[in-house]
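Enquirer: Quick one: the structure is below, and I'll ask about it shortly.
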Amino acid sequence: MAGLLKKIFLADLFQGLWVTFRNQDPKLIYTERYPEERPKVAERYRGAPRLNINPDNGETLCIACNLCALACPETLIVVTSERNEETKRKELTTFTYDTSRCMFCGLCEDACPVDALELTQDFEMATYTREGQIWDRQTLEEGPRPTQYKC
Amino acid sequence: MAATPWESDLASEIRERFGEGISATSTYLGQNFIVARPDLAIPILEFLKLDCDFDYLVDLTAVDWPKRAERFDIVYILYSFSRNERVRLKIQIADGYKPETAVGVHLTANWLEREVYDMFGVEFAGHPDMRRILMPDEWEGFPLRKDYGILQQDQRWVRENLGIESGQ
Amino acid sequence: MADTTFLDSTELVLNMGPQHPSTHGVLRVILKLDGEKVLGTECIIGYLHRGVEKIAENRTYAQFNPYVDRMDYVAAISNGLGYCLAVEKLLNVEVPARAQAIRVILTELNRIASHLLWLGTHALDIGAITPVFYCLREREEALKIFEKYCGARLTTHAFRIGGLLYETYDGFEQEIIDFCKMFLPHVDEYEELLTNNRIWVGRLKDVGILSGDECKEFGVTGPVLRAAGVKWDLRKAQPYSGYEKYDFEIPTRTNGDTYDRYIVRMEEMRQSVRIMEQAVAAIPEGPIMGKVGKVIKPPVGEAYVSIEAPKGELGYYAVSDGSTQPYRVRVRPPSFVNLQALDRMIRGGLVADVVAVIGTLDIVLGEIDR
Ligand code: SF4
Ligand code: SF4
């Protein structure tokens, strides 16, 4: 009997509608208005790569040990170096990082002994060309320069 | 640590029943496995299912050892719900040997055997539907064989079907 | 000559997919129909085949770890756990208790995230638009925790062989507790929306029945098996990663139809919350990395390790030849094996049920095709 009444008065329908009604509260809005409102990116986020430079003298921290290139499963990092005859140390000449093939797993970052390579919180890495996805040393040190749009 | 002999009632029962055909019953890292003659695979699976309650074929796969005369290991991983126990059955077969299908014993084997055929080129005799499953039907070569390079592909198929020179 | 059937109508062969919103990826199902009735099906898979097992043979053990996340991308952490456990088994190393507890918390959180995505899309397939918004809202909270913990939301690469790389962040415990508190009322909310809804019940009850024996025959595991009345869960049957320490139930139902599988999964989410609450209350102190060298080089041998992933038994069969690269890694994907039972489940059903049954199997094509 109770079941029949429930059926006639559409109890299940109103039960569901009550749930949706409860969730209408403007306080519960969840949408992020992305370009205007920057999302909060976690501190450990693995985003755009960066090659750190020493803030005191502007020299790169990288010692050109090639460990990151060896650690990478996609072998997308190419490091070249030159031996400096005065100091008898290897010096970094070029550093190429193909972000189009990167899966942001963080293994290169873990492998770096001097924390020179770092995956940062930047996430806006889109470019108009495939070539633009291949970052050289300068881009890695200074960060990408996305086109700025005024609105 | 190498594999040690597996001593239990089940192991001795299998050894007794199939005699010469069983070349090893061992255990490694606490996991038991049986190595048997290829033609005994189906009788052993049947025996394990009907008499010992190993009613769930977890996985069926192959491993390629190109340097060996019996090139492929076919591995059956079995589980028994009532005993809560796993056992692996391995047979070693030469390239070109057609092991009998296990579909008659465990229905699961259907797709799993198709995958082994697709990846290793091991055909199963009596299988109801021996076709490729993951790769395109006309693809040539068996990707998971050790002599198939990681960058290798069926150039002709790529050119004909995708209209490009290389899929890499 | 075409087969003629009742009323002299001919069989109709219909392609569903590969680009069909309710095949949840690139699955193609060829349906043989007589009017609305399904006479038979055939699944064509492989559109997403990337050769993960081949990649494994050409990478080192540690390098292969991020690739497993890309199989079942909805439950990447479960994949990672299975792979790490398999290599740890080969290496025969012990994972510290602290790492185990954190692993359990994250895996259970991932189970909830996976089930939420399943619930949302399944409801969407059936025609209920609302739940998907709510489900994704709660899933977002879980993904935020992943992002804070390991820096990625979906393909997490959270665990390392031998333990963990990342310590928990400040406030991790509190966030888990808050999530559990926030989440339980929401499960009730979903149930309020769906459980008694007459369209939902009408579409799901007695659809796609698979009995317990048939499940065993087809090797079907996970919620599908439990909905058919088999009380079997690897976390209880063969506990790994310290699951034996936690107190939880295995939800089961008896009919084995689509509706029961829905109920089982809802209950599973509640049980996951229970496990997380217990685990987070007692995270032991100590190291998070076991004794593994920088170079991972397991001795010659092989091991099969499986875990209870959200979709069923996920197994890794790893063979080592003593080098730094795996000789062979075989993944036993639950979705692949479960999908095989699709034909048995919908034969004789209606076309509309196909969508319900594909949804209820909770397949992820990335895992099927690997
Ligand atoms: S994040 Fe991973 S894939 Fe990308 S460069 Fe580093 S190691 Fe290679
Ligand atoms: S591992 Fe670090 S220091 Fe070594 S080459 Fe890479 S970025 Fe430079």
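Chains: A, B, ... in order of the structure tokens. Residues: from 1 per chain. Ligands: from 1, in order shown.
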Within 8 Å of ligand 2, which residues show up when you count only C-alpha atoms and all ligand atoms? List them as JSON, numbers by chain, please.
Expert: {"A": [51, 61, 62, 63, 64, 65, 66, 67, 68, 69, 79, 92, 108, 109, 111, 112, 113, 114, 115, 116, 117]}
Enquirer: If you run DSSP over the backbone, which residues in region 68-136 of chain B end up helix (DSSP H, G or I)? Put them as a list in words.
Expert: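 Filtering region 68-136 of chain B to helix (DSSP H, G or I) leaves Ala109, Asn110, Trp111, Leu112, Glu113, Arg114, Glu115, Val116, Tyr117, Asp118, Met119 and Phe120 of chain B.
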Enquirer: Could you pull out the residues sitting within 8 Å of ligand 1, using only C-alpha atoms and all ligand atoms, and write them as a ChimeraX atom specification?
Expert: /A:46,68-69,71-77,97-99,101-109,119
Enquirer: Write to file, as a CSV table (one decimal), in the first residue's frame, the residues of the selection just made, with N, CA and C atoms.
Expert:
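What landed in selection.csv:
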```
chain,number,residue,atom,x,y,z
A,46,ARG,N,54.1,19.2,-11.1
A,46,ARG,CA,55.2,18.9,-12.1
A,46,ARG,C,54.7,19.5,-13.4
A,68,CYS,N,70.2,13.5,-16.0
A,68,CYS,CA,68.8,13.7,-16.3
A,68,CYS,C,68.5,13.0,-17.7
A,69,ALA,N,69.4,13.2,-18.6
A,69,ALA,CA,69.2,12.6,-19.9
A,69,ALA,C,69.1,11.1,-19.8
A,71,ALA,N,68.2,9.4,-17.2
A,71,ALA,CA,67.1,8.9,-16.4
A,71,ALA,C,65.8,8.9,-17.2
A,72,CYS,N,65.7,9.8,-18.2
A,72,CYS,CA,64.5,10.0,-18.8
A,72,CYS,C,64.0,8.8,-19.6
A,73,PRO,N,62.8,8.3,-19.4
A,73,PRO,CA,62.3,7.1,-20.2
A,73,PRO,C,62.1,7.5,-21.6
A,74,GLU,N,61.8,8.7,-21.9
A,74,GLU,CA,61.6,9.1,-23.3
A,74,GLU,C,62.8,9.6,-24.0
A,75,THR,N,63.9,9.7,-23.3
A,75,THR,CA,65.2,10.2,-23.8
A,75,THR,C,65.0,11.4,-24.7
A,76,LEU,N,64.4,12.4,-24.1
A,76,LEU,CA,64.1,13.6,-24.8
A,76,LEU,C,65.0,14.8,-24.4
A,77,ILE,N,65.9,14.6,-23.5
A,77,ILE,CA,66.8,15.6,-23.0
A,77,ILE,C,68.2,15.4,-23.7
A,97,TYR,N,65.3,20.3,-24.5
A,97,TYR,CA,64.3,19.6,-23.8
A,97,TYR,C,63.0,19.6,-24.7
A,98,ASP,N,62.6,18.5,-25.1
A,98,ASP,CA,61.5,18.4,-26.0
A,98,ASP,C,60.2,18.2,-25.2
A,99,THR,N,59.5,19.3,-24.9
A,99,THR,CA,58.3,19.1,-24.0
A,99,THR,C,57.2,18.4,-24.7
A,101,ARG,N,57.2,15.6,-26.0
A,101,ARG,CA,57.2,14.2,-25.7
A,101,ARG,C,57.3,13.9,-24.2
A,102,CYS,N,57.4,14.9,-23.5
A,102,CYS,CA,57.6,14.8,-22.0
A,102,CYS,C,56.3,14.3,-21.4
A,103,MET,N,56.4,13.4,-20.4
A,103,MET,CA,55.2,13.0,-19.7
A,103,MET,C,55.2,13.5,-18.3
A,104,PHE,N,56.1,14.3,-18.0
A,104,PHE,CA,56.1,15.0,-16.7
A,104,PHE,C,56.1,14.0,-15.5
A,105,CYS,N,56.9,13.0,-15.7
A,105,CYS,CA,57.0,12.0,-14.6
A,105,CYS,C,57.9,12.4,-13.5
A,106,GLY,N,58.8,13.3,-13.7
A,106,GLY,CA,59.7,13.8,-12.7
A,106,GLY,C,60.9,13.0,-12.5
A,107,LEU,N,61.2,12.0,-13.3
A,107,LEU,CA,62.4,11.2,-13.1
A,107,LEU,C,63.7,12.0,-13.3
A,108,CYS,N,63.6,13.0,-14.2
A,108,CYS,CA,64.8,13.8,-14.5
A,108,CYS,C,65.1,14.7,-13.3
A,109,GLU,N,64.1,15.2,-12.8
A,109,GLU,CA,64.2,16.1,-11.6
A,109,GLU,C,64.8,15.4,-10.5
A,119,LEU,N,60.9,20.8,-12.3
A,119,LEU,CA,59.6,21.0,-12.9
A,119,LEU,C,58.8,21.9,-12.1
```
Enquirer: Just the residues within 9 Å of region 129-146 of chain A, please, counting only C-alpha atoms, with nothing from its chain fewer than 4 positions along; format it as a ChimeraX atom specification.
Expert: /A:48-53,60,93-101,117,122,124-125
Enquirer: Among region 14-118 of chain B, which ones does DSSP place in strand (DSSP E), written as a PyMOL selection string?
Expert: chain B and resi 22-28+31-36+56-64+72-80+85-93
Enquirer: Kindly export the residues of the current selection with N, CA and C atoms, as a short mmCIF file (atom, residue, chain, number, x, y, z; two decimals), in the first residue's frame.
Expert:
```
data_model
loop_
_atom_site.label_atom_id
_atom_site.label_comp_id
_atom_site.auth_asym_id
_atom_site.auth_seq_id
_atom_site.Cartn_x
_atom_site.Cartn_y
_atom_site.Cartn_z
N ILE B 22 56.12 -34.33 -16.08
CA ILE B 22 56.36 -33.16 -15.24
C ILE B 22 57.86 -33.03 -15.03
N SER B 23 58.43 -31.95 -15.49
CA SER B 23 59.88 -31.85 -15.31
C SER B 23 60.25 -31.11 -14.03
N ALA B 24 59.37 -30.34 -13.48
CA ALA B 24 59.69 -29.69 -12.21
C ALA B 24 58.43 -29.23 -11.51
N THR B 25 58.42 -29.36 -10.20
CA THR B 25 57.42 -28.67 -9.39
C THR B 25 58.23 -27.87 -8.39
N SER B 26 58.26 -26.57 -8.56
CA SER B 26 59.15 -25.76 -7.74
C SER B 26 58.41 -24.59 -7.12
N THR B 27 59.10 -23.94 -6.25
CA THR B 27 58.54 -22.74 -5.65
C THR B 27 59.63 -21.68 -5.60
N TYR B 28 59.26 -20.46 -5.95
CA TYR B 28 60.21 -19.36 -5.94
C TYR B 28 59.50 -18.15 -5.36
N GLN B 31 55.97 -18.64 -4.55
CA GLN B 31 54.98 -18.90 -5.60
C GLN B 31 55.29 -20.23 -6.27
N ASN B 32 54.28 -21.06 -6.36
CA ASN B 32 54.51 -22.41 -6.85
C ASN B 32 54.30 -22.49 -8.34
N PHE B 33 55.12 -23.28 -8.99
CA PHE B 33 54.88 -23.50 -10.41
C PHE B 33 55.26 -24.91 -10.84
N ILE B 34 54.62 -25.31 -11.91
CA ILE B 34 54.81 -26.65 -12.47
C ILE B 34 55.35 -26.46 -13.88
N VAL B 35 56.35 -27.22 -14.24
CA VAL B 35 56.81 -27.21 -15.63
C VAL B 35 56.45 -28.57 -16.22
N ALA B 36 55.77 -28.55 -17.35
CA ALA B 36 55.26 -29.81 -17.88
C ALA B 36 55.53 -29.93 -19.37
N TYR B 56 39.71 -20.98 -11.73
CA TYR B 56 39.80 -19.63 -12.28
C TYR B 56 41.14 -19.48 -12.98
N LEU B 57 41.09 -19.34 -14.27
CA LEU B 57 42.31 -19.11 -15.04
C LEU B 57 42.58 -17.60 -15.00
N VAL B 58 43.57 -17.22 -14.24
CA VAL B 58 43.83 -15.80 -14.05
C VAL B 58 44.42 -15.21 -15.32
N ASP B 59 45.42 -15.88 -15.84
CA ASP B 59 46.11 -15.30 -16.98
C ASP B 59 46.76 -16.39 -17.80
N LEU B 60 46.91 -16.10 -19.06
CA LEU B 60 47.59 -17.01 -19.95
C LEU B 60 48.50 -16.14 -20.79
N THR B 61 49.76 -16.39 -20.76
CA THR B 61 50.65 -15.52 -21.50
C THR B 61 51.87 -16.31 -21.97
N ALA B 62 52.77 -15.62 -22.62
CA ALA B 62 53.94 -16.30 -23.17
C ALA B 62 55.18 -15.46 -22.90
N VAL B 63 56.31 -16.11 -22.91
CA VAL B 63 57.59 -15.42 -22.78
C VAL B 63 58.48 -15.98 -23.89
N ASP B 64 59.19 -15.08 -24.56
CA ASP B 64 60.03 -15.49 -25.68
C ASP B 64 61.48 -15.62 -25.23
N PHE B 72 59.39 -20.73 -26.81
CA PHE B 72 58.40 -20.00 -26.02
C PHE B 72 58.04 -20.73 -24.74
N ASP B 73 57.85 -19.94 -23.71
CA ASP B 73 57.21 -20.43 -22.49
C ASP B 73 55.75 -20.01 -22.58
N ILE B 74 54.85 -20.95 -22.46
CA ILE B 74 53.44 -20.57 -22.31
C ILE B 74 53.13 -20.72 -20.83
N VAL B 75 52.61 -19.67 -20.24
CA VAL B 75 52.39 -19.66 -18.79
C VAL B 75 50.90 -19.57 -18.50
N TYR B 76 50.40 -20.51 -17.74
CA TYR B 76 49.02 -20.47 -17.27
C TYR B 76 49.05 -20.14 -15.79
N ILE B 77 48.36 -19.09 -15.40
CA ILE B 77 48.30 -18.77 -13.98
C ILE B 77 46.91 -19.13 -13.49
N LEU B 78 46.87 -19.98 -12.49
CA LEU B 78 45.58 -20.48 -12.01
C LEU B 78 45.36 -20.08 -10.57
N TYR B 79 44.09 -20.00 -10.22
CA TYR B 79 43.75 -19.66 -8.84
C TYR B 79 42.57 -20.52 -8.43
N SER B 80 42.57 -20.88 -7.16
CA SER B 80 41.45 -21.64 -6.64
C SER B 80 40.76 -20.82 -5.57
N GLU B 85 44.65 -20.25 -3.31
CA GLU B 85 46.01 -20.64 -3.65
C GLU B 85 46.22 -20.40 -5.14
N ARG B 86 47.43 -20.03 -5.47
CA ARG B 86 47.76 -19.83 -6.88
C ARG B 86 48.76 -20.87 -7.31
N VAL B 87 48.72 -21.22 -8.57
CA VAL B 87 49.75 -22.09 -9.11
C VAL B 87 49.97 -21.70 -10.57
N ARG B 88 51.21 -21.79 -11.00
CA ARG B 88 51.52 -21.47 -12.40
C ARG B 88 51.90 -22.76 -13.10
N LEU B 89 51.40 -22.89 -14.31
CA LEU B 89 51.77 -24.04 -15.12
C LEU B 89 52.52 -23.52 -16.33
N LYS B 90 53.70 -24.10 -16.56
CA LYS B 90 54.49 -23.62 -17.68
C LYS B 90 54.76 -24.75 -18.63
N ILE B 91 54.64 -24.46 -19.92
CA ILE B 91 55.09 -25.43 -20.90
C ILE B 91 56.08 -24.73 -21.82
N GLN B 92 57.03 -25.49 -22.33
CA GLN B 92 58.01 -24.91 -23.22
C GLN B 92 57.80 -25.49 -24.60
N ILE B 93 57.64 -24.60 -25.58
CA ILE B 93 57.35 -25.09 -26.92
C ILE B 93 58.30 -24.48 -27.93
#
```
Enquirer: Specify as JSON, numbers by chain all residues of chain A found within 6 Å of chain C, counting only C-alpha atoms.
Expert: {"A": [12, 16, 42, 44, 45, 46, 73]}
Enquirer: So how many Å separate CA of Arg261 (chain C) and CA of Leu204 (chain C), to one decimal?
Expert: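 Separating CA of Arg261 (chain C) from CA of Leu204 (chain C) is a distance of 9.5 Å.
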Enquirer: Please report the interatomic distance between CA of Val337 (chain C) and CA of Ile150 (chain B) in Å with one decimal.
Expert: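 Separation between CA of Val337 (chain C) and CA of Ile150 (chain B): 26.1 Å.
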Enquirer: Kindly indicate which residue among C:Tyr262, C:Asn15, C:Glu302, C:Gln278 lies nearest to Pro326 (chain C), using only C-alpha atoms for the distances.
Expert: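 Checking each of C:Tyr262, C:Asn15, C:Glu302, C:Gln278 against Pro326 (chain C), counting only C-alpha atoms, the winner is C:Glu302.
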Enquirer: Mind pulling up the distance from CA of Arg226 (chain C) to CA of Val68 (chain C)?
Expert: 26.0 Å
Enquirer: At a cut-off of 6 Å, which residues of chain B touch chain C? Count only C-alpha atoms and give the answer as a ChimeraX atom specification.
Expert: /B:56,106-108,134
Enquirer: Using only C-alpha atoms, which protein or nucleic acid residues come within 10 Å of Pro223 (chain C)? Drop anything in the same chain fewer than 6 positions from it, and give the result as JSON, numbers by chain.
Expert: {"C": [229, 230, 231, 232, 233, 250, 251, 252, 253, 256, 260, 261, 262, 263, 264, 265, 268, 310, 311, 312, 360, 361, 362]}
Enquirer: Set the distance at 9 Å and use only C-alpha atoms: which residues neighbour Val122 (chain B) once local chain neighbours fewer than 4 positions away are removed? I'd like the list as a compact mmCIF listing (two decimals) with all heavy atoms, in the first residue's frame.
Expert:
```txt
# COMPACT_ATOMS: atom_id res chain seq x y z
N ALA B 62 52.77 -15.62 -22.62
CA ALA B 62 53.94 -16.30 -23.17
C ALA B 62 55.18 -15.46 -22.90
O ALA B 62 55.09 -14.26 -22.67
CB ALA B 62 53.78 -16.52 -24.66
N PHE B 72 59.39 -20.73 -26.81
CA PHE B 72 58.40 -20.00 -26.02
C PHE B 72 58.04 -20.73 -24.74
O PHE B 72 57.93 -21.95 -24.72
CB PHE B 72 57.12 -19.79 -26.84
CG PHE B 72 57.34 -18.98 -28.07
CD1 PHE B 72 57.36 -19.57 -29.31
CD2 PHE B 72 57.53 -17.61 -27.98
CE1 PHE B 72 57.56 -18.82 -30.45
CE2 PHE B 72 57.75 -16.86 -29.11
CZ PHE B 72 57.75 -17.47 -30.35
N ASP B 95 59.20 -22.96 -31.77
CA ASP B 95 58.50 -22.11 -32.72
C ASP B 95 57.80 -23.00 -33.74
O ASP B 95 58.39 -23.91 -34.30
CB ASP B 95 59.54 -21.22 -33.42
CG ASP B 95 58.88 -20.03 -34.08
OD1 ASP B 95 57.65 -19.91 -33.95
OD2 ASP B 95 59.60 -19.24 -34.72
N GLY B 96 56.52 -22.75 -33.96
CA GLY B 96 55.80 -23.56 -34.92
C GLY B 96 54.96 -24.65 -34.29
O GLY B 96 54.03 -25.15 -34.89
N TYR B 97 55.28 -25.02 -33.06
CA TYR B 97 54.46 -26.02 -32.37
C TYR B 97 53.12 -25.39 -32.04
O TYR B 97 53.04 -24.23 -31.64
CB TYR B 97 55.18 -26.46 -31.10
CG TYR B 97 54.43 -27.50 -30.30
CD1 TYR B 97 54.60 -28.85 -30.54
CD2 TYR B 97 53.55 -27.11 -29.28
CE1 TYR B 97 53.90 -29.79 -29.80
CE2 TYR B 97 52.86 -28.04 -28.54
CZ TYR B 97 53.03 -29.38 -28.81
OH TYR B 97 52.34 -30.31 -28.09
N LYS B 98 52.07 -26.17 -32.21
CA LYS B 98 50.75 -25.62 -31.92
C LYS B 98 50.19 -26.26 -30.67
O LYS B 98 49.68 -27.38 -30.73
CB LYS B 98 49.81 -25.85 -33.10
CG LYS B 98 50.18 -25.01 -34.30
CD LYS B 98 49.19 -25.19 -35.41
CE LYS B 98 49.67 -24.40 -36.61
NZ LYS B 98 48.96 -24.73 -37.82
N PRO B 99 50.25 -25.60 -29.53
CA PRO B 99 49.68 -26.19 -28.33
C PRO B 99 48.16 -26.24 -28.44
O PRO B 99 47.55 -25.45 -29.17
CB PRO B 99 50.12 -25.24 -27.22
CG PRO B 99 50.44 -23.95 -27.89
CD PRO B 99 50.85 -24.28 -29.28
N GLU B 113 44.33 -16.33 -25.42
CA GLU B 113 45.10 -17.05 -26.44
C GLU B 113 45.21 -16.25 -27.72
O GLU B 113 46.23 -16.27 -28.39
CB GLU B 113 44.45 -18.42 -26.71
CG GLU B 113 44.80 -19.41 -25.64
CD GLU B 113 44.11 -20.75 -25.81
OE1 GLU B 113 43.33 -20.92 -26.77
OE2 GLU B 113 44.36 -21.62 -24.98
N VAL B 116 48.03 -13.94 -27.21
CA VAL B 116 49.33 -14.60 -27.35
C VAL B 116 49.65 -14.82 -28.82
O VAL B 116 50.77 -14.58 -29.27
CB VAL B 116 49.34 -15.94 -26.57
CG1 VAL B 116 50.58 -16.74 -26.90
CG2 VAL B 116 49.27 -15.68 -25.09
N TYR B 117 48.64 -15.21 -29.59
CA TYR B 117 48.87 -15.39 -31.02
C TYR B 117 49.25 -14.07 -31.67
O TYR B 117 50.18 -13.98 -32.47
CB TYR B 117 47.60 -15.96 -31.67
CG TYR B 117 47.62 -15.88 -33.17
CD1 TYR B 117 48.52 -16.64 -33.90
CD2 TYR B 117 46.76 -15.02 -33.85
CE1 TYR B 117 48.57 -16.55 -35.27
CE2 TYR B 117 46.80 -14.93 -35.23
CZ TYR B 117 47.71 -15.68 -35.93
OH TYR B 117 47.76 -15.58 -37.29
N ASP B 118 48.53 -13.03 -31.28
CA ASP B 118 48.76 -11.71 -31.85
C ASP B 118 50.18 -11.22 -31.58
O ASP B 118 50.86 -10.69 -32.44
CB ASP B 118 47.74 -10.75 -31.23
CG ASP B 118 47.67 -9.43 -31.95
OD1 ASP B 118 48.44 -9.23 -32.89
OD2 ASP B 118 46.83 -8.60 -31.57
```
Enquirer: Counting only C-alpha atoms, figure out which residue out of C:Ile161, C:Leu342, C:Ala113, C:Leu31 gets nearest to Lys297 (chain C).
Expert: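 With only C-alpha atoms as the atom set, the closest residue is C:Ile161.
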